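Novice: Just so it is clear, I am handing over coords_38.cif, which has mmCIF, C-alpha atoms.
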```
data_run
#
loop_
_atom_site.label_atom_id
_atom_site.label_comp_id
_atom_site.auth_asym_id
_atom_site.auth_seq_id
_atom_site.Cartn_x
_atom_site.Cartn_y
_atom_site.Cartn_z
CA MET I 38 -189.04 2.12 -57.09
CA GLN I 39 -187.01 1.60 -53.96
CA VAL I 40 -183.24 1.07 -54.43
CA PRO I 41 -182.28 -2.26 -52.83
CA SER I 42 -179.60 -2.24 -50.13
CA LEU I 43 -176.97 -4.90 -49.58
CA CYS I 44 -176.95 -6.61 -46.18
CA PHE I 45 -174.79 -9.53 -45.11
CA HIS I 46 -175.74 -12.32 -42.76
CA GLN I 47 -173.72 -12.54 -39.56
CA GLY I 48 -172.66 -16.05 -40.47
CA ARG I 49 -169.79 -17.11 -42.69
CA PRO I 50 -170.08 -15.85 -46.30
CA ASP I 51 -171.39 -18.43 -48.73
CA SER I 52 -168.78 -17.68 -51.36
CA ARG I 53 -165.46 -15.91 -51.97
CA ILE I 54 -167.09 -13.05 -53.81
CA GLU I 55 -169.43 -12.41 -50.85
CA LYS I 56 -166.42 -12.20 -48.55
CA ILE I 57 -164.75 -9.67 -50.83
CA LEU I 58 -167.92 -7.61 -51.02
CA GLU I 59 -168.40 -7.72 -47.26
CA VAL I 60 -164.84 -6.52 -46.57
CA LEU I 61 -164.57 -3.87 -49.26
CA PHE I 62 -168.05 -2.40 -49.46
CA SER I 63 -169.64 -2.69 -46.04
CA PRO I 64 -171.45 0.53 -45.07
CA PRO I 65 -170.39 2.56 -42.03
CA ASP I 66 -170.94 1.01 -38.62
CA ASN I 67 -174.47 1.24 -37.22
CA VAL I 68 -175.98 2.33 -40.54
CA PRO I 69 -179.35 0.51 -40.76
CA CYS I 70 -179.79 -1.85 -43.67
CA ARG I 71 -182.88 -1.12 -45.71
CA GLY I 72 -184.61 -2.77 -48.64
CA GLN I 73 -184.46 -6.32 -49.89
CA GLN I 74 -181.51 -8.64 -49.45
CA LEU I 75 -179.64 -9.20 -52.70
CA SER I 76 -179.26 -12.69 -54.06
CA THR I 77 -175.95 -14.52 -54.07
CA PRO I 78 -173.57 -13.14 -56.70
CA SER I 79 -171.95 -15.28 -59.33
CA VAL I 80 -168.65 -14.60 -61.11
CA ASN I 81 -168.63 -14.48 -64.91
CA SER I 82 -164.98 -13.47 -65.34
CA VAL I 83 -162.06 -12.01 -63.38
CA GLY I 84 -162.89 -8.53 -62.07
CA GLU I 85 -166.60 -8.69 -63.12
CA ALA I 86 -169.57 -9.63 -60.89
CA LEU I 87 -173.07 -10.31 -62.04
CA LEU I 88 -176.03 -10.09 -59.75
CA SER I 89 -179.40 -11.69 -60.22
CA SER I 90 -182.07 -9.10 -59.63
CA PRO I 91 -185.59 -9.74 -58.47
CA GLU I 92 -186.61 -7.16 -61.04
CA ALA I 93 -185.03 -8.97 -64.02
CA PRO I 94 -185.69 -12.36 -65.59
CA ASP I 95 -183.60 -15.27 -64.38
CA GLY I 96 -179.99 -15.03 -65.50
CA LEU I 97 -180.30 -11.37 -66.57
CA ILE I 98 -179.05 -8.19 -64.89
CA SER I 99 -181.35 -5.27 -64.38
CA PRO I 100 -180.02 -2.47 -66.63
CA ASN I 101 -180.56 0.12 -63.85
CA LEU I 102 -179.05 -1.93 -61.06
CA PRO I 103 -175.35 -0.99 -61.50
CA HIS I 104 -176.25 2.70 -61.32
CA LYS I 105 -178.41 2.18 -58.27
CA LEU I 106 -175.89 0.02 -56.47
CA GLY I 107 -172.77 2.06 -55.96
CA LEU I 108 -171.65 -0.94 -53.90
CA LEU I 109 -170.34 -2.87 -56.90
CA PHE I 110 -169.74 0.15 -59.10
CA PRO I 111 -168.52 2.96 -56.75
CA GLN I 112 -168.73 6.27 -58.52
CA ARG I 113 -165.65 8.48 -58.63
CA ASP I 114 -167.37 11.83 -59.07
CA ALA I 115 -167.15 12.96 -55.43
CA GLU I 116 -164.73 15.83 -54.85
CA LEU I 117 -162.27 16.19 -51.99
CA THR I 118 -160.80 19.67 -51.49
CA HIS I 119 -158.59 21.10 -48.78
CA GLU I 120 -157.78 24.47 -47.34
CA PRO I 121 -155.09 25.78 -47.40
CA ASN I 122 -154.99 24.65 -51.01
CA SER I 123 -151.34 23.67 -51.13
CA THR I 124 -149.64 20.31 -51.50
CA ILE I 125 -146.89 21.40 -49.07
CA LEU I 126 -148.05 22.16 -45.53
CA PHE I 127 -146.12 22.62 -42.30
CA HIS I 128 -145.85 21.15 -38.86
CA GLY I 129 -148.21 23.04 -36.53
CA GLU I 130 -150.51 24.14 -39.36
CA SER I 131 -154.19 23.15 -39.57
CA VAL I 132 -155.82 21.75 -42.70
CA THR I 133 -159.54 21.34 -43.41
CA PHE I 134 -160.76 18.70 -45.87
CA THR I 135 -164.22 19.03 -47.44
CA CYS I 136 -165.97 16.08 -49.10
CA ASN I 137 -168.52 17.09 -51.75
CA MET I 138 -170.84 14.40 -53.14
CA LYS I 139 -172.08 16.75 -55.90
CA GLU I 140 -175.55 15.27 -55.46
CA GLY I 141 -178.33 16.31 -53.14
CA ARG I 142 -177.64 17.90 -49.81
CA HIS I 143 -174.47 17.07 -47.92
CA SER I 144 -176.62 16.09 -44.94
CA ASN I 145 -178.02 13.19 -47.02
CA TRP I 146 -174.70 11.35 -46.71
CA TYR I 147 -172.46 9.61 -44.21
CA TYR I 148 -168.71 10.17 -44.68
CA LYS I 149 -165.45 8.30 -44.22
CA PHE I 150 -162.00 9.84 -44.57
CA HIS I 151 -158.89 7.78 -45.35
CA ARG I 152 -155.14 8.36 -45.36
CA ASN I 153 -152.99 5.94 -47.33
CA GLY I 154 -155.99 3.59 -47.57
CA HIS I 155 -156.63 3.49 -43.82
CA GLN I 156 -159.72 5.01 -42.27
CA ILE I 157 -158.86 7.93 -40.00
CA VAL I 158 -162.38 9.03 -39.07
CA SER I 159 -165.99 8.04 -39.73
CA ASN I 160 -168.47 10.90 -39.51
CA GLN I 161 -171.91 9.62 -38.59
CA ASP I 162 -173.14 13.15 -37.82
CA MET I 163 -173.42 14.03 -41.51
CA SER I 164 -170.46 16.43 -41.33
CA ASN I 165 -168.64 16.52 -44.63
CA PHE I 166 -165.45 18.21 -43.42
CA LEU I 167 -162.45 17.10 -41.43
CA GLN I 168 -159.91 19.35 -39.69
CA LEU I 169 -156.46 18.10 -38.72
CA HIS I 170 -153.68 19.76 -36.73
CA LEU I 171 -150.67 18.67 -38.72
CA THR I 172 -147.55 16.84 -37.67
CA THR I 173 -144.94 15.39 -40.00
CA ASP I 174 -146.35 11.86 -39.67
CA LEU I 175 -149.59 13.03 -41.33
CA SER I 176 -148.00 13.25 -44.78
CA GLY I 177 -149.74 10.97 -47.28
CA ASN I 178 -152.64 10.41 -49.69
CA TYR I 179 -156.12 11.45 -48.57
CA GLN I 180 -159.52 10.36 -49.91
CA CYS I 181 -163.12 10.46 -48.77
CA THR I 182 -166.07 8.11 -49.31
CA GLY I 183 -169.77 8.94 -49.03
CA TYR I 184 -172.67 6.60 -48.27
CA HIS I 185 -176.20 7.73 -49.00
CA LYS I 186 -178.34 7.74 -45.86
CA ASP I 187 -181.39 6.23 -47.57
CA SER I 188 -179.31 3.71 -49.51
CA PRO I 189 -175.97 3.01 -47.78
CA SER I 190 -175.00 0.70 -50.61
CA PHE I 191 -174.93 3.78 -52.88
CA ILE I 192 -171.28 4.79 -52.56
CA LYS I 193 -169.26 7.66 -53.98
CA GLN I 194 -165.50 7.97 -53.79
CA SER I 195 -163.43 11.12 -54.20
CA ASN I 196 -160.20 12.03 -55.89
CA ASN I 197 -156.91 11.59 -54.00
CA ILE I 198 -155.01 14.52 -52.47
CA THR I 199 -151.33 14.07 -51.66
CA LEU I 200 -149.95 16.20 -48.83
CA PHE I 201 -146.39 16.66 -47.66
CA VAL I 202 -145.99 18.04 -44.13
CA SER I 203 -142.65 19.80 -43.64
CA ALA I 204 -141.04 19.91 -40.21
CA LEU I 205 -139.59 23.41 -40.74
CA ARG I 206 -141.65 26.58 -40.55
CA PRO I 207 -141.03 28.49 -43.83
CA THR I 208 -139.15 31.79 -44.10
CA PRO I 209 -140.30 34.16 -46.88
CA THR I 210 -137.97 36.32 -48.95
CA VAL I 211 -138.36 40.00 -49.87
CA THR I 212 -137.28 41.28 -53.28
CA ALA I 213 -137.53 44.80 -54.72
CA ASP I 214 -137.41 46.69 -58.01
CA GLY I 215 -134.26 48.29 -56.61
CA LYS I 216 -132.64 49.24 -53.33
CA THR I 217 -133.10 52.96 -53.98
CA ILE I 218 -136.23 55.10 -54.40
CA LEU I 219 -135.79 58.22 -56.47
CA GLU I 220 -137.21 61.38 -54.92
CA GLY I 221 -140.88 61.55 -55.91
CA GLY I 222 -140.87 57.91 -57.06
CA THR I 223 -141.90 54.52 -55.69
CA SER I 224 -140.50 51.03 -55.37
CA LYS I 225 -142.35 47.70 -55.29
CA LEU I 226 -141.50 45.05 -52.71
CA THR I 227 -142.54 41.41 -53.16
CA CYS I 228 -142.91 38.79 -50.39
CA SER I 229 -142.54 35.17 -51.56
CA VAL I 230 -142.96 31.86 -49.72
CA LYS I 231 -141.15 29.17 -51.70
CA ASP I 232 -143.00 26.08 -52.99
CA SER I 233 -146.34 26.78 -51.31
CA ALA I 234 -149.48 28.79 -51.95
CA GLY I 235 -152.55 30.26 -50.29
CA TRP I 236 -150.77 32.87 -48.16
CA LYS I 237 -151.81 36.31 -47.03
CA TYR I 238 -149.14 38.80 -46.04
CA ASP I 239 -148.18 41.12 -43.19
CA TRP I 240 -145.70 43.94 -43.85
CA PHE I 241 -143.51 45.71 -41.31
CA MET I 242 -141.28 48.79 -41.49
CA HIS I 243 -138.65 50.30 -39.25
CA ASN I 244 -137.77 53.96 -39.78
CA TYR I 245 -137.50 55.75 -36.48
CA SER I 246 -139.63 53.07 -34.80
CA GLU I 247 -141.02 49.66 -35.72
CA ALA I 248 -144.56 49.51 -37.09
CA GLN I 249 -146.85 47.08 -38.92
CA ILE I 250 -147.92 48.88 -42.08
CA LYS I 251 -150.11 46.25 -43.72
CA SER I 252 -151.93 43.19 -42.36
CA ASN I 253 -153.59 40.14 -43.90
CA ALA I 254 -153.07 41.44 -47.46
CA VAL I 255 -154.08 39.15 -50.32
CA LYS I 256 -151.46 40.57 -52.71
CA ASN I 257 -147.85 39.73 -51.95
CA SER I 258 -146.55 43.08 -53.24
CA LEU I 259 -146.29 46.49 -51.59
CA SER I 260 -145.60 49.92 -53.12
CA ILE I 261 -143.46 52.15 -50.91
CA TYR I 262 -142.56 55.83 -51.11
CA SER I 263 -139.97 56.31 -48.36
CA GLY I 264 -136.74 54.74 -47.23
CA GLY I 265 -136.60 52.36 -44.30
CA ILE I 266 -136.06 48.76 -43.25
CA TYR I 267 -138.85 46.46 -44.48
CA TRP I 268 -139.73 42.84 -43.83
CA CYS I 269 -142.75 40.53 -44.20
CA ARG I 270 -144.31 37.32 -42.99
CA GLY I 271 -146.99 35.03 -44.42
CA ARG I 272 -150.16 33.73 -42.77
CA ARG I 273 -152.82 31.26 -43.83
CA GLY I 274 -155.45 28.89 -42.48
CA ASN I 275 -157.90 29.10 -39.61
CA PRO I 276 -156.57 29.52 -36.99
CA ASP I 277 -153.77 31.61 -38.51
CA PHE I 278 -150.49 29.85 -39.11
CA PHE I 279 -147.54 32.26 -39.44
CA THR I 280 -144.25 31.86 -41.27
CA GLU I 281 -141.00 33.03 -39.78
CA PRO I 282 -140.33 36.74 -40.46
CA SER I 283 -138.29 37.39 -43.59
CA GLU I 284 -134.84 38.88 -43.53
CA LYS I 285 -134.90 42.66 -43.27
CA PHE I 286 -134.58 44.60 -46.52
CA TYR I 287 -132.95 48.05 -46.54
CA ILE I 288 -134.42 50.68 -48.89
CA GLU I 289 -132.86 54.13 -49.28
CA LYS I 290 -134.51 57.24 -50.70
CA SER I 291 -132.29 59.12 -53.16
CA LEU I 292 -132.41 62.92 -52.82
CA SER I 293 -132.06 65.15 -55.89
CA ASN I 294 -129.27 67.28 -54.37
CA ARG I 295 -125.87 66.75 -55.96
CA ALA I 296 -122.73 66.04 -53.94
CA THR I 297 -119.22 67.05 -55.06
CA VAL I 298 -115.78 66.39 -53.58
CA ALA I 299 -113.62 69.54 -53.68
CA LEU I 300 -110.13 70.39 -52.47
CA GLN I 301 -109.98 73.40 -50.18
CA HIS I 302 -107.32 75.06 -52.39
CA ASN I 303 -108.13 73.36 -55.66
CA TRP I 304 -104.48 72.66 -56.33
CA THR I 305 -103.52 70.94 -59.54
CA GLN I 306 -100.99 68.60 -58.01
CA ILE I 307 -100.60 67.25 -54.47
CA TYR I 308 -97.18 66.41 -53.01
CA ARG I 309 -96.00 63.96 -50.40
CA GLY I 310 -96.03 65.40 -46.89
CA GLU I 311 -98.52 68.13 -47.78
CA MET I 312 -101.57 68.70 -45.54
CA ILE I 313 -104.74 68.83 -47.63
CA SER I 314 -108.43 69.31 -46.91
CA MET I 315 -111.20 67.72 -48.93
CA ARG I 316 -114.78 68.81 -48.36
CA CYS I 317 -118.16 67.47 -49.45
CA GLU I 318 -120.27 70.18 -51.04
CA ILE I 319 -124.06 69.67 -51.40
CA GLU I 320 -125.63 71.59 -54.26
CA GLY I 321 -128.90 73.22 -53.17
CA GLY I 322 -128.31 71.97 -49.65
CA GLY I 323 -129.93 75.04 -48.11
CA LYS I 324 -130.09 74.99 -44.33
CA SER I 325 -130.63 71.25 -44.04
CA GLU I 326 -128.86 69.41 -41.25
CA TRP I 327 -126.61 67.22 -43.34
CA GLU I 328 -124.59 64.25 -42.28
CA TYR I 329 -121.83 62.99 -44.54
CA GLU I 330 -120.47 59.70 -45.73
CA TRP I 331 -117.17 59.07 -47.46
CA ARG I 332 -115.74 56.11 -49.27
CA THR I 333 -112.38 55.61 -50.91
CA THR I 334 -110.24 53.07 -52.70
CA ILE I 335 -107.47 53.41 -50.12
CA SER I 336 -107.38 51.28 -47.00
CA THR I 337 -107.91 54.12 -44.52
CA THR I 338 -111.54 54.92 -43.75
CA PRO I 339 -112.06 58.69 -43.89
CA SER I 340 -114.01 60.85 -41.45
CA THR I 341 -117.80 61.21 -41.48
CA GLY I 342 -117.64 65.02 -41.32
CA CYS I 343 -118.07 67.56 -44.07
CA THR I 344 -114.27 68.01 -44.33
CA ILE I 345 -111.49 65.48 -44.09
CA ASN I 346 -107.86 66.49 -43.48
CA ILE I 347 -105.04 64.20 -44.46
CA ARG I 348 -101.25 64.45 -44.76
CA ALA I 349 -100.59 63.24 -48.24
CA SER I 350 -98.36 60.30 -48.99
CA THR I 351 -98.01 58.06 -52.00
CA SER I 352 -100.10 55.46 -50.15
CA TYR I 353 -103.04 57.87 -50.48
CA ASN I 354 -103.17 57.57 -54.25
CA GLY I 355 -106.79 56.67 -54.93
CA ASP I 356 -110.35 57.85 -55.48
CA PHE I 357 -112.66 59.58 -53.00
CA TRP I 358 -116.47 59.87 -53.05
CA CYS I 359 -118.92 61.53 -50.69
CA LYS I 360 -122.67 61.82 -50.15
CA GLY I 361 -124.98 63.82 -47.92
CA ARG I 362 -127.69 62.37 -45.68
CA THR I 363 -130.69 64.01 -44.00
CA ASP I 364 -131.78 60.90 -42.07
CA PRO I 365 -130.72 57.23 -41.85
CA PHE I 366 -132.75 56.33 -44.97
CA SER I 367 -132.52 59.46 -47.21
CA SER I 368 -129.33 60.56 -48.97
CA THR I 369 -127.93 62.07 -52.13
CA GLU I 370 -126.31 59.94 -54.80
CA TRP I 371 -122.59 59.35 -54.43
CA SER I 372 -120.51 62.16 -55.92
CA HIS I 373 -118.26 61.70 -58.91
CA ALA I 374 -114.87 60.35 -57.90
CA TYR I 375 -112.12 62.78 -56.97
CA HIS I 376 -108.83 61.30 -58.18
CA LEU I 377 -106.05 62.00 -55.67
CA ARG I 378 -102.54 61.55 -57.06
CA VAL I 379 -99.64 62.25 -54.69
CA SER I 380 -96.21 63.13 -56.15
CA TYR I 381 -92.80 63.42 -54.57
CA LYS I 382 -91.80 66.82 -53.15
CA PRO I 383 -90.77 69.10 -56.02
CA ARG I 384 -87.45 70.92 -56.44
CA PRO I 385 -87.60 74.25 -58.33
CA THR I 386 -84.92 75.56 -60.67
CA VAL I 387 -83.53 79.11 -60.91
CA ARG I 388 -82.95 80.77 -64.26
CA ALA I 389 -81.17 84.16 -64.84
CA ASP I 390 -81.54 86.38 -67.86
CA LYS I 391 -77.74 86.93 -67.74
CA GLY I 392 -74.85 85.66 -65.64
CA VAL I 393 -73.12 88.98 -64.95
CA ILE I 394 -74.60 92.13 -63.45
CA PRO I 395 -73.60 95.05 -65.66
CA ILE I 396 -72.33 98.26 -64.13
CA GLY I 397 -75.31 100.21 -62.88
CA GLY I 398 -77.68 97.42 -64.00
CA ASP I 399 -79.40 94.32 -62.60
CA VAL I 400 -80.22 90.69 -63.36
CA THR I 401 -83.69 89.08 -63.35
CA LEU I 402 -83.99 85.69 -61.69
CA THR I 403 -86.95 83.30 -62.22
CA CYS I 404 -87.95 80.46 -59.87
CA ASN I 405 -89.54 77.69 -61.92
CA ILE I 406 -92.04 75.23 -60.36
CA ASP I 407 -94.91 73.39 -62.03
CA ASN I 408 -98.15 75.37 -61.75
CA PRO I 409 -96.30 78.54 -60.64
CA THR I 410 -99.41 80.53 -59.68
CA GLU I 411 -100.20 78.08 -56.86
CA TRP I 412 -97.04 78.99 -54.93
CA LYS I 413 -95.48 81.83 -52.99
CA TYR I 414 -91.71 82.28 -53.38
CA HIS I 415 -88.83 82.56 -50.96
CA TRP I 416 -85.36 83.82 -52.12
CA PHE I 417 -81.96 83.23 -50.54
CA ARG I 418 -78.44 84.63 -51.11
CA HIS I 419 -75.00 83.83 -49.76
CA THR I 420 -71.55 84.89 -50.90
CA GLY I 421 -69.48 81.79 -50.27
CA ASN I 422 -69.55 78.19 -49.23
CA PHE I 423 -69.43 79.04 -45.55
CA SER I 424 -71.14 82.40 -45.52
CA GLU I 425 -74.42 83.15 -43.79
CA ILE I 426 -77.56 82.68 -45.90
CA GLN I 427 -79.58 85.83 -46.34
CA ILE I 428 -83.35 85.86 -46.95
CA ILE I 429 -83.90 88.47 -49.63
CA GLY I 430 -87.53 87.74 -50.45
CA GLU I 431 -90.21 85.91 -48.46
CA GLY I 432 -93.72 84.87 -49.49
CA LYS I 433 -93.71 86.76 -52.76
CA SER I 434 -96.55 85.99 -55.18
CA GLU I 435 -94.40 86.50 -58.26
CA ASN I 436 -91.73 84.02 -59.14
CA VAL I 437 -89.30 86.63 -60.48
CA ILE I 438 -86.87 88.92 -58.66
CA SER I 439 -84.37 91.58 -59.78
CA ILE I 440 -80.91 91.64 -58.12
CA SER I 441 -78.01 94.12 -58.30
CA HIS I 442 -75.47 92.31 -56.11
CA GLY I 443 -73.39 89.30 -56.93
CA GLY I 444 -73.70 86.07 -55.02
CA ILE I 445 -75.12 82.57 -55.02
CA TYR I 446 -78.92 82.66 -55.29
CA SER I 447 -81.54 79.97 -54.68
CA CYS I 448 -85.33 79.79 -54.24
CA GLN I 449 -88.02 77.71 -52.60
CA GLY I 450 -91.81 77.53 -53.03
CA GLY I 451 -94.34 77.45 -50.21
CA ARG I 452 -98.15 77.16 -49.94
CA GLY I 453 -100.97 76.22 -47.58
CA ASN I 454 -101.51 76.60 -43.85
CA PRO I 455 -99.41 75.31 -42.26
CA VAL I 456 -96.94 76.22 -45.03
CA TYR I 457 -95.69 73.33 -47.12
CA PHE I 458 -92.25 73.99 -48.66
CA THR I 459 -90.68 72.52 -51.75
CA GLU I 460 -87.10 71.41 -51.74
CA GLU I 461 -84.63 74.32 -52.07
CA SER I 462 -83.38 74.85 -55.61
CA ASN I 463 -79.77 74.49 -56.64
CA GLY I 464 -77.83 77.73 -56.33
CA ILE I 465 -76.98 79.91 -59.32
CA THR I 466 -73.89 82.18 -59.22
CA ILE I 467 -74.27 85.75 -60.36
CA GLU I 468 -71.17 87.94 -60.75
CA LYS I 469 -70.98 91.71 -60.60
CA ARG I 470 -68.50 93.72 -62.66
#
```
Translate this structure into structure tokens?

Specialist:
Amino acid sequence: MQVPSLCFHQGRPDSRIEKILEVLFSPPDNVPCRGQQLSTPSVNSVGEALLSSPEAPDGLISPNLPHKLGLLFPQRDAELTHEPNSTILFHGESVTFTCNMKEGRHSNWYYKFHRNGHQIVSNQDMSNFLQLHLTTDLSGNYQCTGYHKDSPSFIKQSNNITLFVSALRPTPTVTADGKTILEGGTSKLTCSVKDSAGWKYDWFMHNYSEAQIKSNAVKNSLSIYSGGIYWCRGRRGNPDFFTEPSEKFYIEKSLSNRATVALQHNWTQIYRGEMISMRCEIEGGGKSEWEYEWRTTISTTPSTGCTINIRASTSYNGDFWCKGRTDPFSSTEWSHAYHLRVSYKPRPTVRADKGVIPIGGDVTLTCNIDNPTEWKYHWFRHTGNFSEIQIIGEGKSENVISISHGGIYSCQGGRGNPVYFTEESNGITIEKR
């Protein structure tokens, strides 16, 4: 049985319902009208139309007619999809809509596409897709309608798709498991484009030169084994639409060698005005060409060499760390902190085992300084307030001396190169019988 098609006369509609039907449900332009003309509709109640059918008795509706005439009962089982499949798209991007009638072949239908209820294109060539190059004014609600070629009054309508077209090209972000890769380990980087989907990903790395290391990847993650500067961008659609490049992400490879800060002389206490040398020692460093980095809690930035030389002052109280580096992206861990504490210049004291030199005997003097084995000792003697000072011992390792002459004795400690001297001790008077 042939499905009847609805055709309207060119004259004025006979009734209000005919006018509504003509405006809302007219088939696409130039679609031939086939089948018998339907009889004039009558209204039974608000929102419901009854049609007299030549196939049914007077006053009755054919039970199959509503299904056959999508005109009065448009079916909502058509499906509108779009690619890229994201509700947020961007200015300059292309989107392709596909209208699927879910019945027969797509070439059996004519198609209309609408935005915000207004027709934007009518496809009489049986093409069920629509491609748009997006601008911000194309945001809105999209829907498609299909008309069967053999029965244009058989209509199907699709779901609605709401699109927002952003004026700004998106910028992805890169995150990582951590900013350091342990030697022999890996780290995972993730590229994310906020509030949108359907992207593929390009990855780039800069080590000694810039290179693209992965292209058009479906997964947004990347496992890496070496240090470097990494960044990503997203792409989607046909033709490709690219995001802005992400910010660059610095990854460092941590070497297993251990760094240590050591004083050249390993002195227990450092004094103001003293010249000291700190060096960065790399355990198992072998013959590698190392570069060095230092950091400290004091305001002065130390050298980048293996050894740093400073003249100590109380303003240098603080902590020092160092690390070794074989290339810009591979280094040891930071060393443990070396705690530098600078004290005021010390003043030794002189002690005698007795105050008077016995006849034919001697007296033992001791020069007392904290950490006595770290110093060499200098001894002085004079016989009166205005007498010439005599040096009686210079650079002695032991802090004791035996004397057999009376006088006023004092001492001083010295160490390092150039020699750093303590204050001179107070004098002690030794008499001789």

Novice: Tell me, as a PDB file with C-alpha atoms, keeping the file's coordinate frame, which residues lie within 8 Å of Tyr446 of chain I, counting all atoms listed in the file; anything in the same chain fewer than 3 positions away does not count.

Specialist:
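New file part_9.pdb:
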```pdb
ATOM      1  CA  TRP I 416     -85.360  83.820 -52.120  1.00  0.00           C
ATOM      2  CA  PHE I 417     -81.960  83.230 -50.540  1.00  0.00           C
ATOM      3  CA  ARG I 418     -78.440  84.630 -51.110  1.00  0.00           C
ATOM      4  CA  HIS I 419     -75.000  83.830 -49.760  1.00  0.00           C
ATOM      5  CA  GLY I 464     -77.830  77.730 -56.330  1.00  0.00           C
ATOM      6  CA  ILE I 465     -76.980  79.910 -59.320  1.00  0.00           C
ATOM      7  CA  THR I 466     -73.890  82.180 -59.220  1.00  0.00           C
ATOM      8  CA  ILE I 467     -74.270  85.750 -60.360  1.00  0.00           C
TER       9      ILE I 467
END
```

Novice: Go through the shown structure with the PyMOL selection byres ((chain I and resi 172) around 8) and write out the matching residues as an mmCIF file with C-alpha atoms, in the coordinates of the input.

Specialist:
```
data_model
loop_
_atom_site.group_PDB
_atom_site.id
_atom_site.type_symbol
_atom_site.label_atom_id
_atom_site.label_comp_id
_atom_site.auth_asym_id
_atom_site.auth_seq_id
_atom_site.Cartn_x
_atom_site.Cartn_y
_atom_site.Cartn_z
ATOM 1 C CA PHE I 127 -146.120 22.620 -42.300
ATOM 2 C CA HIS I 128 -145.850 21.150 -38.860
ATOM 3 C CA GLY I 129 -148.210 23.040 -36.530
ATOM 4 C CA HIS I 170 -153.680 19.760 -36.730
ATOM 5 C CA LEU I 171 -150.670 18.670 -38.720
ATOM 6 C CA THR I 173 -144.940 15.390 -40.000
ATOM 7 C CA ASP I 174 -146.350 11.860 -39.670
ATOM 8 C CA LEU I 175 -149.590 13.030 -41.330
ATOM 9 C CA SER I 176 -148.000 13.250 -44.780
ATOM 10 C CA VAL I 202 -145.990 18.040 -44.130
ATOM 11 C CA ALA I 204 -141.040 19.910 -40.210
#
```

Novice: Taking the file as shown, find all residues satisfying the PyMOL selection byres ((chain I and resi 167) around 6) and write them as a ChimeraX atom specification.

Specialist: /I:133-134,166,168

Novice: Taking only C-alpha atoms into account, name the residue in I:Leu226, I:Ser441, I:Arg384, I:Ile426 that is nearest to Gly398 of chain I.

Specialist: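 Among I:Leu226, I:Ser441, I:Arg384, I:Ile426, it is I:Ser441 that comes nearest to Gly398 of chain I.
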
Novice: Measuring atom to atom with all atoms listed in the file, identify which of I:Asn197, I:Asn275, I:Thr410, I:Thr403 is nearest to Asn303 of chain I.

Specialist: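 Using all atoms listed in the file, Asn303 of chain I sits closest to I:Thr410.
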
Novice: So the first atom is atom CA of Tyr329 of chain I and the second is atom CA of Gly361 of chain I; what is the distance between them in Å, to one decimal place?

Specialist: 4.7 Å

Novice: Would you mind writing segment 120-128 of chain I with N, CA, C and O atoms, as a PDB file, keeping the file's coordinate frame?

Specialist:
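Okay, rebuild-v3.pdb is ready:
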```
ATOM      1  N   GLU I 120    -158.165  23.083 -47.566  1.00  0.00           N
ATOM      2  CA  GLU I 120    -157.780  24.470 -47.340  1.00  0.00           C
ATOM      3  C   GLU I 120    -156.837  24.506 -46.131  1.00  0.00           C
ATOM      4  O   GLU I 120    -157.194  23.960 -45.066  1.00  0.00           O
ATOM      5  N   PRO I 121    -155.643  25.057 -46.257  1.00  0.00           N
ATOM      6  CA  PRO I 121    -155.090  25.780 -47.400  1.00  0.00           C
ATOM      7  C   PRO I 121    -154.858  24.861 -48.598  1.00  0.00           C
ATOM      8  O   PRO I 121    -154.477  23.705 -48.436  1.00  0.00           O
ATOM      9  N   ASN I 122    -155.076  25.424 -49.778  1.00  0.00           N
ATOM     10  CA  ASN I 122    -154.990  24.650 -51.010  1.00  0.00           C
ATOM     11  C   ASN I 122    -153.544  24.599 -51.489  1.00  0.00           C
ATOM     12  O   ASN I 122    -153.163  25.261 -52.447  1.00  0.00           O
ATOM     13  N   SER I 123    -152.744  23.826 -50.790  1.00  0.00           N
ATOM     14  CA  SER I 123    -151.340  23.670 -51.130  1.00  0.00           C
ATOM     15  C   SER I 123    -150.927  22.248 -50.857  1.00  0.00           C
ATOM     16  O   SER I 123    -151.390  21.631 -49.889  1.00  0.00           O
ATOM     17  N   THR I 124    -150.073  21.696 -51.703  1.00  0.00           N
ATOM     18  CA  THR I 124    -149.640  20.310 -51.500  1.00  0.00           C
ATOM     19  C   THR I 124    -148.538  20.226 -50.444  1.00  0.00           C
ATOM     20  O   THR I 124    -148.244  19.144 -49.952  1.00  0.00           O
ATOM     21  N   ILE I 125    -147.902  21.370 -50.123  1.00  0.00           N
ATOM     22  CA  ILE I 125    -146.890  21.400 -49.070  1.00  0.00           C
ATOM     23  C   ILE I 125    -147.453  22.191 -47.891  1.00  0.00           C
ATOM     24  O   ILE I 125    -147.773  23.370 -48.012  1.00  0.00           O
ATOM     25  N   LEU I 126    -147.596  21.516 -46.751  1.00  0.00           N
ATOM     26  CA  LEU I 126    -148.050  22.160 -45.530  1.00  0.00           C
ATOM     27  C   LEU I 126    -146.970  21.981 -44.461  1.00  0.00           C
ATOM     28  O   LEU I 126    -145.954  21.322 -44.708  1.00  0.00           O
ATOM     29  N   PHE I 127    -147.202  22.542 -43.278  1.00  0.00           N
ATOM     30  CA  PHE I 127    -146.120  22.620 -42.300  1.00  0.00           C
ATOM     31  C   PHE I 127    -146.559  22.146 -40.928  1.00  0.00           C
ATOM     32  O   PHE I 127    -147.727  22.261 -40.562  1.00  0.00           O
ATOM     33  N   HIS I 128    -145.608  21.599 -40.214  1.00  0.00           N
ATOM     34  CA  HIS I 128    -145.850  21.150 -38.860  1.00  0.00           C
ATOM     35  C   HIS I 128    -146.426  22.287 -38.018  1.00  0.00           C
ATOM     36  O   HIS I 128    -145.910  23.383 -38.003  1.00  0.00           O
TER      37      HIS I 128
END
```
